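Chemist: Please find one structure pasted underneath; my questions will follow.
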Amino acid sequence: MIQLDETHDSRRRSWVPSAHQHKEFPLQNLPFGVFSVGGGEPRGGVAIGDLIVDLKVLHEKKLLTGLAATALEAASQTSLQALMAMGAGARIALRGALFDLLSESGTLAASAKALSSTLLHPSAEVQMHLPAKIGAYTDFFAGITHAENGGKRRGTNPPLNPNYKYVPVAYHSRASTVRVSGVPVARPHGQRVVDGQNLPTFGPCLKMDFELEFGVWIGQPNQWGEPIGIDQANEHVFGHCMLNDWSARDIQRWESAPLGPFLSKNFGTTISPWIVTPEALAPFRIAQPERPAGDPRPLDYLWGEADQREGALDLHLEVLIQTEAMRAQGLPGQRIAVSNTKHLYWTVAQMVTHHTCGGCNLEPGDIFGSGTISGPTPENYGSIAELTFDGTQEITLSSGETRRWVVDGDEISLRAYGHREGFVSIGFGESRARMVAPKR
Ligand code: MN
């Protein structure tokens, strides 16, 4: 599917000093985002070490040529939508040119260095924005342990619905309330049945949760009525982010029968600002883990040989919490869960193919959430409902505080890293946001 090339060579280094051994953004990553400086107009950027390459300035300097220059023009705008729509070829050409520009031995390195005072901005001094206007947001349910844990808590026997191993289950979520990392999210009001009562009341959510999810940004669109086959599915993926699907569990429990989540999920979703491309993730591709004996083989339209061989990802995932008291004591965020994208039961290509099999058209700037990625053991649980067994057990934090649910002032951060022997490790940056008191 995706070829390794010189942009994955671990011997290559950037002339940007902070890029060397940077935990998130070394030369081999080059994620795309949209940023602004000093209240100016947003524009496309690429993270390199502690700096951001200003793609608008780079476009104006006309250093690039050919397809890379065309892609750069699209990427220099206030949204990455146009670049997303161009598909993989343009994105790969731009990545190659940026790699050359930023690497010590690159042909454009000297010209770029000469421009560095206007071309590069310290990340700490910029404001990040949503990379594109999100047209539609679909939330999948591909973390099988999370699905099973939910069924167990509800007392469903067996815990998984009969469709789970056949259908990549999803619901259409809300695009208008997706926010970029750093924007606080207000606790919603809604209908819920308070513990010990039989009838619903209206009030603030009492069981706030986070969900550790892998985000998918759609790039090249398909036409309405034209399904995307499994072997073409990855051509429609622009890249990935980390996604916190904030979830009001008490509202969800009451409202979800029979059509699924509504207000319990539509008040806010937090995504990391950088889009890590399929090319940057190529070294971390793995075979889709074999299904346990007795599980059905995916139906033919969801079965692709290449997808089974290298359609999954080995990415280390983390959830951190920092409470108000921890901030006051100067304590860093505490890791409360670790997981891995390899625990997903469905591949990203299977999600794309299933989403479109009835003719639904995907558009550049659409996003998917993978579903909560829990792993087999309790330290792998990607939601607080799982970590506390639906609030029946407390977790104790380094500050001495305990939690059954997320309280106001808690900041939740999701992170992801790719590590593989012989390759440079990369990271996603953060999806981080604070839960705050309701607005009324
Ligand atoms: Mn979710």
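Chain labels run A, B, ... following the order of the structure tokens; each chain numbers its residues from 1, and ligands are numbered from 1 in the order shown.
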Residues up to 9 Å from ligand 1, counting only C-alpha atoms and all ligand atoms: could you list those as a ChimeraX atom specification?
Modeler: /A:139-141,170,173,210-213,243-247,265,369-372
Chemist: Select, from A:Ala186, A:Leu63, A:Ile92, A:Leu51, the residue with the minimum atom-to-atom distance to Glu125 (chain A), counting only C-alpha atoms.
Modeler: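 Nearest candidate to Glu125 (chain A) out of A:Ala186, A:Leu63, A:Ile92, A:Leu51: A:Leu51.
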Chemist: Return the single residue from A:Asp366, A:Asp9, A:Glu386, A:Asp314 that is closest to His343 (chain A), with distances computed using only C-alpha atoms.
Modeler: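 Smallest separation from His343 (chain A) among the options: A:Asp314.
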Chemist: Could you list, as a list in words, every residue within 10 Å of Leu101 (chain A), counting only C-alpha atoms and ignoring same-chain residues fewer than 5 positions away?
Modeler: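 Listed by chain and then number, they are Ser14, Trp15, Leu63, Leu64, Arg95, Gly96, Gly106, Thr107, Leu108, Ala109, Ala110, Ser111, Ala112 and Lys113 of chain A.
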Chemist: Determine which residues of region 135-379 of chain A DSSP labels as alpha helix (DSSP H) from the backbone of this structure, then write them out as a ChimeraX atom specification.
Modeler: /A:144-153,249-255,278-281,305-310,324-328,348-356
Chemist: Running DSSP on the backbone, which parts of region 65-162 of chain A land in strand (DSSP E or B), as a PyMOL selection string?
Modeler: chain A and resi 103+120-122+126-129+137-140+143
Chemist: Please determine, counting only C-alpha atoms, which residue among A:Leu414, A:Ala257, A:Ala136, A:Ile275 has the shortest atom-to-atom distance to His316 (chain A).
Modeler: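 Of A:Leu414, A:Ala257, A:Ala136, A:Ile275, the one nearest His316 (chain A), counting only C-alpha atoms, is A:Leu414.
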Chemist: Taking 6 positions as the minimum chain separation for residues in the same chain, which residues sit within 12 Å of Glu411 (chain A) when counting only C-alpha atoms? Answer as a short mmCIF file (atom, residue, chain, number, x, y, z; two decimals) with all heavy atoms, in the first residue's frame.
Modeler:
data_model
loop_
_atom_site.label_atom_id
_atom_site.label_comp_id
_atom_site.auth_asym_id
_atom_site.auth_seq_id
_atom_site.Cartn_x
_atom_site.Cartn_y
_atom_site.Cartn_z
N SER A 181 -7.81 21.03 20.29
CA SER A 181 -7.18 20.88 21.61
C SER A 181 -6.99 22.24 22.29
O SER A 181 -6.59 23.21 21.65
CB SER A 181 -5.80 20.23 21.41
OG SER A 181 -5.18 20.00 22.64
N GLY A 182 -7.27 22.29 23.59
CA GLY A 182 -7.07 23.51 24.36
C GLY A 182 -8.34 24.27 24.65
O GLY A 182 -8.38 25.09 25.57
N VAL A 183 -9.40 24.04 23.88
CA VAL A 183 -10.67 24.75 24.09
C VAL A 183 -11.46 24.02 25.18
O VAL A 183 -11.75 22.83 25.04
CB VAL A 183 -11.50 24.80 22.79
CG1 VAL A 183 -12.82 25.51 23.02
CG2 VAL A 183 -10.70 25.46 21.67
N PRO A 184 -11.83 24.72 26.27
CA PRO A 184 -12.59 24.05 27.34
C PRO A 184 -13.96 23.60 26.83
O PRO A 184 -14.53 24.20 25.92
CB PRO A 184 -12.76 25.14 28.41
CG PRO A 184 -11.79 26.21 28.05
CD PRO A 184 -11.56 26.12 26.57
N VAL A 185 -14.48 22.54 27.43
CA VAL A 185 -15.79 22.00 27.07
C VAL A 185 -16.71 22.12 28.29
O VAL A 185 -16.32 21.71 29.40
CB VAL A 185 -15.67 20.53 26.63
CG1 VAL A 185 -17.04 19.91 26.37
CG2 VAL A 185 -14.81 20.43 25.37
N ALA A 186 -17.91 22.70 28.09
CA ALA A 186 -18.83 22.90 29.21
C ALA A 186 -19.69 21.66 29.43
O ALA A 186 -20.20 21.07 28.47
CB ALA A 186 -19.71 24.12 28.94
N ASP A 209 -17.71 11.54 31.10
CA ASP A 209 -16.67 10.59 30.69
C ASP A 209 -15.90 11.15 29.49
O ASP A 209 -16.36 12.07 28.80
CB ASP A 209 -17.33 9.26 30.31
CG ASP A 209 -16.38 8.07 30.39
OD1 ASP A 209 -15.16 8.28 30.56
OD2 ASP A 209 -16.87 6.93 30.28
N PHE A 210 -14.73 10.55 29.26
CA PHE A 210 -13.96 10.81 28.04
C PHE A 210 -13.92 9.51 27.24
O PHE A 210 -14.25 8.44 27.77
CB PHE A 210 -12.53 11.26 28.39
CG PHE A 210 -11.80 10.26 29.24
CD1 PHE A 210 -11.17 9.17 28.68
CD2 PHE A 210 -11.77 10.41 30.62
CE1 PHE A 210 -10.52 8.23 29.47
CE2 PHE A 210 -11.13 9.47 31.44
CZ PHE A 210 -10.50 8.39 30.85
N ASN A 244 -11.09 12.92 21.43
CA ASN A 244 -11.80 12.65 22.68
C ASN A 244 -13.29 12.88 22.47
O ASN A 244 -13.74 14.02 22.34
CB ASN A 244 -11.27 13.54 23.81
CG ASN A 244 -11.99 13.30 25.13
OD1 ASN A 244 -12.91 12.49 25.22
ND2 ASN A 244 -11.57 14.01 26.17
N TRP A 246 -16.10 13.18 24.19
CA TRP A 246 -16.69 13.42 25.52
C TRP A 246 -18.09 12.80 25.58
O TRP A 246 -18.87 12.97 24.64
CB TRP A 246 -16.79 14.92 25.79
CG TRP A 246 -15.49 15.64 25.93
CD1 TRP A 246 -14.85 16.36 24.96
CD2 TRP A 246 -14.67 15.72 27.11
NE1 TRP A 246 -13.69 16.91 25.46
CE2 TRP A 246 -13.56 16.53 26.78
CE3 TRP A 246 -14.76 15.20 28.40
CZ2 TRP A 246 -12.54 16.81 27.69
CZ3 TRP A 246 -13.76 15.49 29.31
CH2 TRP A 246 -12.67 16.29 28.96
N THR A 270 -13.10 16.81 21.31
CA THR A 270 -11.81 17.50 21.26
C THR A 270 -10.83 16.72 20.41
O THR A 270 -10.58 15.54 20.67
CB THR A 270 -11.23 17.64 22.68
OG1 THR A 270 -12.18 18.33 23.51
CG2 THR A 270 -9.92 18.42 22.66
N VAL A 319 -3.82 8.11 28.01
CA VAL A 319 -4.78 9.09 28.55
C VAL A 319 -4.17 9.66 29.82
O VAL A 319 -3.73 8.91 30.69
CB VAL A 319 -6.13 8.44 28.93
CG1 VAL A 319 -7.10 9.50 29.44
CG2 VAL A 319 -6.71 7.67 27.77
N LEU A 320 -4.15 10.99 29.92
CA LEU A 320 -3.67 11.65 31.14
C LEU A 320 -4.76 12.52 31.71
O LEU A 320 -5.59 13.08 30.98
CB LEU A 320 -2.44 12.52 30.84
CG LEU A 320 -1.20 11.75 30.39
CD1 LEU A 320 -1.12 11.68 28.89
CD2 LEU A 320 0.06 12.40 30.94
N ILE A 321 -4.76 12.63 33.05
CA ILE A 321 -5.70 13.54 33.70
C ILE A 321 -4.89 14.51 34.56
O ILE A 321 -3.89 14.14 35.17
CB ILE A 321 -6.72 12.76 34.57
CG1 ILE A 321 -7.80 13.70 35.13
CG2 ILE A 321 -6.06 12.01 35.71
CD1 ILE A 321 -8.98 12.97 35.75
N GLN A 322 -5.30 15.77 34.55
CA GLN A 322 -4.72 16.76 35.47
C GLN A 322 -5.88 17.51 36.10
O GLN A 322 -6.64 18.20 35.41
CB GLN A 322 -3.79 17.72 34.73
CG GLN A 322 -2.96 18.57 35.70
CD GLN A 322 -2.16 19.63 34.98
OE1 GLN A 322 -2.65 20.28 34.06
NE2 GLN A 322 -0.92 19.83 35.42
N THR A 323 -6.04 17.36 37.41
CA THR A 323 -7.13 18.02 38.12
C THR A 323 -6.72 19.44 38.50
O THR A 323 -5.54 19.80 38.42
CB THR A 323 -7.49 17.25 39.40
OG1 THR A 323 -6.40 17.36 40.31
CG2 THR A 323 -7.76 15.77 39.11
N GLU A 324 -7.70 20.20 38.95
CA GLU A 324 -7.40 21.57 39.41
C GLU A 324 -6.40 21.53 40.57
O GLU A 324 -5.47 22.32 40.61
CB GLU A 324 -8.72 22.20 39.87
CG GLU A 324 -8.80 23.68 39.60
CD GLU A 324 -10.25 24.15 39.61
OE1 GLU A 324 -10.78 24.46 40.70
OE2 GLU A 324 -10.85 24.18 38.52
N ALA A 325 -6.59 20.57 41.51
CA ALA A 325 -5.67 20.45 42.65
C ALA A 325 -4.27 20.08 42.18
O ALA A 325 -3.27 20.58 42.72
CB ALA A 325 -6.19 19.40 43.64
N MET A 326 -4.17 19.24 41.18
CA MET A 326 -2.84 18.86 40.65
C MET A 326 -2.15 20.08 40.05
O MET A 326 -0.95 20.28 40.23
CB MET A 326 -2.99 17.73 39.62
CG MET A 326 -3.38 16.41 40.25
SD MET A 326 -4.06 15.21 39.05
CE MET A 326 -2.56 14.54 38.40
N ARG A 327 -2.92 20.90 39.33
CA ARG A 327 -2.32 22.12 38.77
C ARG A 327 -1.86 23.04 39.88
O ARG A 327 -0.77 23.61 39.82
CB ARG A 327 -3.32 22.85 37.86
CG ARG A 327 -3.46 22.21 36.49
CD ARG A 327 -4.24 23.10 35.53
NE ARG A 327 -5.62 23.31 35.95
CZ ARG A 327 -6.60 22.45 35.72
NH1 ARG A 327 -6.34 21.32 35.09
NH2 ARG A 327 -7.81 22.70 36.13
N PRO A 332 2.27 17.30 37.34
CA PRO A 332 1.95 17.11 35.92
C PRO A 332 0.72 16.23 35.75
O PRO A 332 0.25 15.63 36.71
CB PRO A 332 3.19 16.40 35.38
CG PRO A 332 3.73 15.65 36.55
CD PRO A 332 3.40 16.49 37.78
N GLY A 333 0.22 16.15 34.54
CA GLY A 333 -0.88 15.23 34.25
C GLY A 333 -0.47 13.81 34.58
O GLY A 333 0.69 13.43 34.42
N GLN A 334 -1.41 13.03 35.08
CA GLN A 334 -1.12 11.65 35.47
C GLN A 334 -1.71 10.70 34.43
O GLN A 334 -2.87 10.81 34.06
CB GLN A 334 -1.74 11.37 36.84
CG GLN A 334 -1.51 9.95 37.31
CD GLN A 334 -2.21 9.67 38.63
OE1 GLN A 334 -2.56 10.60 39.36
NE2 GLN A 334 -2.42 8.40 38.92
N ARG A 335 -0.88 9.74 34.03
CA ARG A 335 -1.35 8.76 33.05
C ARG A 335 -2.30 7.79 33.74
O ARG A 335 -1.93 7.17 34.74
CB ARG A 335 -0.14 8.02 32.49
CG ARG A 335 -0.37 7.41 31.16
CD ARG A 335 0.92 7.01 30.51
NE ARG A 335 1.63 6.05 31.35
CZ ARG A 335 2.85 5.59 31.09
NH1 ARG A 335 3.50 6.03 30.05
NH2 ARG A 335 3.43 4.72 31.88
N GLU A 430 -1.19 16.59 21.15
CA GLU A 430 -2.18 16.30 22.19
C GLU A 430 -3.60 16.64 21.76
O GLU A 430 -3.82 17.65 21.10
CB GLU A 430 -1.92 17.22 23.39
CG GLU A 430 -0.97 16.73 24.41
CD GLU A 430 -1.02 17.65 25.63
OE1 GLU A 430 -0.84 18.88 25.48
OE2 GLU A 430 -1.24 17.12 26.73
N SER A 431 -4.55 15.83 22.22
CA SER A 431 -5.94 16.27 22.31
C SER A 431 -6.16 16.53 23.78
O SER A 431 -6.24 15.60 24.58
CB SER A 431 -6.90 15.17 21.82
OG SER A 431 -8.19 15.40 22.38
N ARG A 432 -6.23 17.79 24.17
CA ARG A 432 -6.30 18.13 25.59
C ARG A 432 -7.40 19.17 25.78
O ARG A 432 -7.46 20.16 25.05
CB ARG A 432 -4.95 18.73 26.04
CG ARG A 432 -4.90 19.18 27.48
CD ARG A 432 -3.49 19.69 27.83
NE ARG A 432 -2.98 20.69 26.88
CZ ARG A 432 -3.30 21.98 26.93
NH1 ARG A 432 -4.08 22.46 27.86
NH2 ARG A 432 -2.81 22.81 26.02
N ALA A 433 -8.26 18.95 26.76
CA ALA A 433 -9.27 19.95 27.06
C ALA A 433 -9.77 19.79 28.49
O ALA A 433 -9.75 18.69 29.04
CB ALA A 433 -10.47 19.85 26.11
N ARG A 434 -10.20 20.91 29.05
CA ARG A 434 -10.71 20.95 30.41
C ARG A 434 -12.22 20.89 30.41
O ARG A 434 -12.86 21.57 29.60
CB ARG A 434 -10.23 22.26 31.07
CG ARG A 434 -10.31 22.28 32.58
CD ARG A 434 -9.66 23.54 33.11
NE ARG A 434 -8.23 23.62 32.77
CZ ARG A 434 -7.45 24.64 33.13
NH1 ARG A 434 -7.93 25.64 33.83
NH2 ARG A 434 -6.17 24.63 32.80
N MET A 435 -12.77 20.08 31.29
CA MET A 435 -14.21 20.08 31.52
C MET A 435 -14.52 21.24 32.47
O MET A 435 -13.84 21.37 33.50
CB MET A 435 -14.63 18.73 32.13
CG MET A 435 -16.09 18.58 32.47
SD MET A 435 -17.28 18.95 31.14
CE MET A 435 -16.66 17.97 29.77
N VAL A 436 -15.47 22.07 32.10
CA VAL A 436 -15.81 23.23 32.94
C VAL A 436 -17.29 23.24 33.27
O VAL A 436 -18.08 22.52 32.66
CB VAL A 436 -15.39 24.56 32.26
CG1 VAL A 436 -13.87 24.64 32.10
CG2 VAL A 436 -16.08 24.75 30.92
#
Chemist: Near region 68-73 of chain A, within 9 Å and counting only C-alpha atoms, which residues show up once chain neighbours fewer than 2 positions away are dropped, as a list in words?
Modeler: Gly44, Leu55, Lys56, Leu58, His59, Glu60, Lys62, Leu63, Leu64, Thr65, Gly66, Ala75, Ser76, Gln77, Ala82, Leu83, Met86, Ala90, Arg91, Ile92, Ala93, Leu94, Arg95, Gly96, Ala97 and Leu98 of chain A
Chemist: Please compute the CA of Gly225 (chain A)-CA of Cys360 (chain A) distance, one decimal, in Å.
Modeler: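 According to the coordinates, CA of Gly225 (chain A) and CA of Cys360 (chain A) are separated by 6.3 Å.
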Chemist: Of the candidates A:Gln223, A:Ser176, A:Thr7, A:Thr156, which shows the shortest atom-to-atom distance to Pro364 (chain A), using only C-alpha atoms?
Modeler: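 That would be A:Gln223, the residue with the smallest distance to Pro364 (chain A).
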Chemist: Could you jot down the CA of Met351 (chain A) to CA of Ile230 (chain A) separation for me, Å, one decimal place?
Modeler: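 CA of Ile230 (chain A) lies at a distance of 9.2 Å from CA of Met351 (chain A).
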Chemist: State, in Å with one decimal place, the distance from CA of Glu41 (chain A) to CA of Lys61 (chain A).
Modeler: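 Computing the Euclidean distance for CA of Glu41 (chain A) and CA of Lys61 (chain A) yields 17.9 Å.
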Chemist: Write out as a short mmCIF file (atom, residue, chain, number, x, y, z; two decimals) with N, CA and C atoms, in the first residue's frame which residues come within 12 Å of Thr201 (chain A) when counting only C-alpha atoms, dropping same-chain ones fewer than 2 positions away.
Modeler:
data_model
loop_
_atom_site.label_atom_id
_atom_site.label_comp_id
_atom_site.auth_asym_id
_atom_site.auth_seq_id
_atom_site.Cartn_x
_atom_site.Cartn_y
_atom_site.Cartn_z
N HIS A 189 -26.32 20.15 30.13
CA HIS A 189 -27.56 19.78 30.81
C HIS A 189 -28.30 18.77 29.94
N GLY A 190 -29.14 18.01 30.56
CA GLY A 190 -29.96 17.09 29.78
C GLY A 190 -30.86 16.27 30.69
N GLN A 191 -31.62 15.40 30.08
CA GLN A 191 -32.47 14.47 30.84
C GLN A 191 -31.66 13.28 31.27
N ARG A 192 -31.77 12.93 32.54
CA ARG A 192 -31.13 11.70 33.02
C ARG A 192 -31.86 11.21 34.24
N VAL A 193 -31.78 9.92 34.50
CA VAL A 193 -32.39 9.33 35.69
C VAL A 193 -31.31 9.24 36.75
N VAL A 194 -31.45 10.04 37.79
CA VAL A 194 -30.44 10.08 38.85
C VAL A 194 -30.48 8.75 39.62
N ASP A 195 -29.31 8.26 40.05
CA ASP A 195 -29.23 7.00 40.80
C ASP A 195 -30.23 7.00 41.95
N GLN A 197 -33.47 6.95 41.63
CA GLN A 197 -34.78 7.44 41.18
C GLN A 197 -35.27 6.62 39.99
N ASN A 198 -36.55 6.78 39.68
CA ASN A 198 -37.13 6.02 38.57
C ASN A 198 -37.45 6.88 37.36
N LEU A 199 -37.64 8.18 37.61
CA LEU A 199 -38.07 9.06 36.53
C LEU A 199 -36.97 10.08 36.22
N GLY A 203 -31.08 18.39 34.23
CA GLY A 203 -30.02 19.04 34.99
C GLY A 203 -28.67 18.71 34.40
N PRO A 204 -27.61 19.18 35.08
CA PRO A 204 -26.26 18.94 34.55
C PRO A 204 -25.90 17.46 34.57
N CYS A 205 -25.14 17.03 33.59
CA CYS A 205 -24.64 15.66 33.54
C CYS A 205 -23.90 15.34 34.84
N LEU A 206 -24.21 14.19 35.44
CA LEU A 206 -23.57 13.78 36.69
C LEU A 206 -22.54 12.66 36.47
N ASP A 250 -24.86 9.43 31.91
CA ASP A 250 -26.21 9.35 32.47
C ASP A 250 -27.25 9.76 31.41
N ILE A 251 -26.93 10.79 30.65
CA ILE A 251 -27.84 11.21 29.57
C ILE A 251 -27.91 10.11 28.51
N TRP A 254 -30.15 7.03 29.37
CA TRP A 254 -31.59 7.28 29.31
C TRP A 254 -32.09 7.49 27.88
#
Chemist: Using only C-alpha atoms, which of A:Phe99, A:Tyr164, A:Tyr381, A:Trp346 sits nearest Leu30 (chain A)?
Modeler: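 Using only C-alpha atoms, the shortest distance to Leu30 (chain A) belongs to A:Phe99.
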Chemist: Excluding same-chain residues fewer than 4 positions from Ala85 (chain A), what lies within 7 Å of it counting only C-alpha atoms, as a list in words?
Modeler: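 My reading of the contact set: Gln81, Gly219, Gln220, Pro221 and Pro364 of chain A.
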Chemist: Have a look at A:Gln127, A:Gln28, A:Thr341, A:Gln329 and name the one nearest to Leu4 (chain A); count only C-alpha atoms.
Modeler: A:Gln28
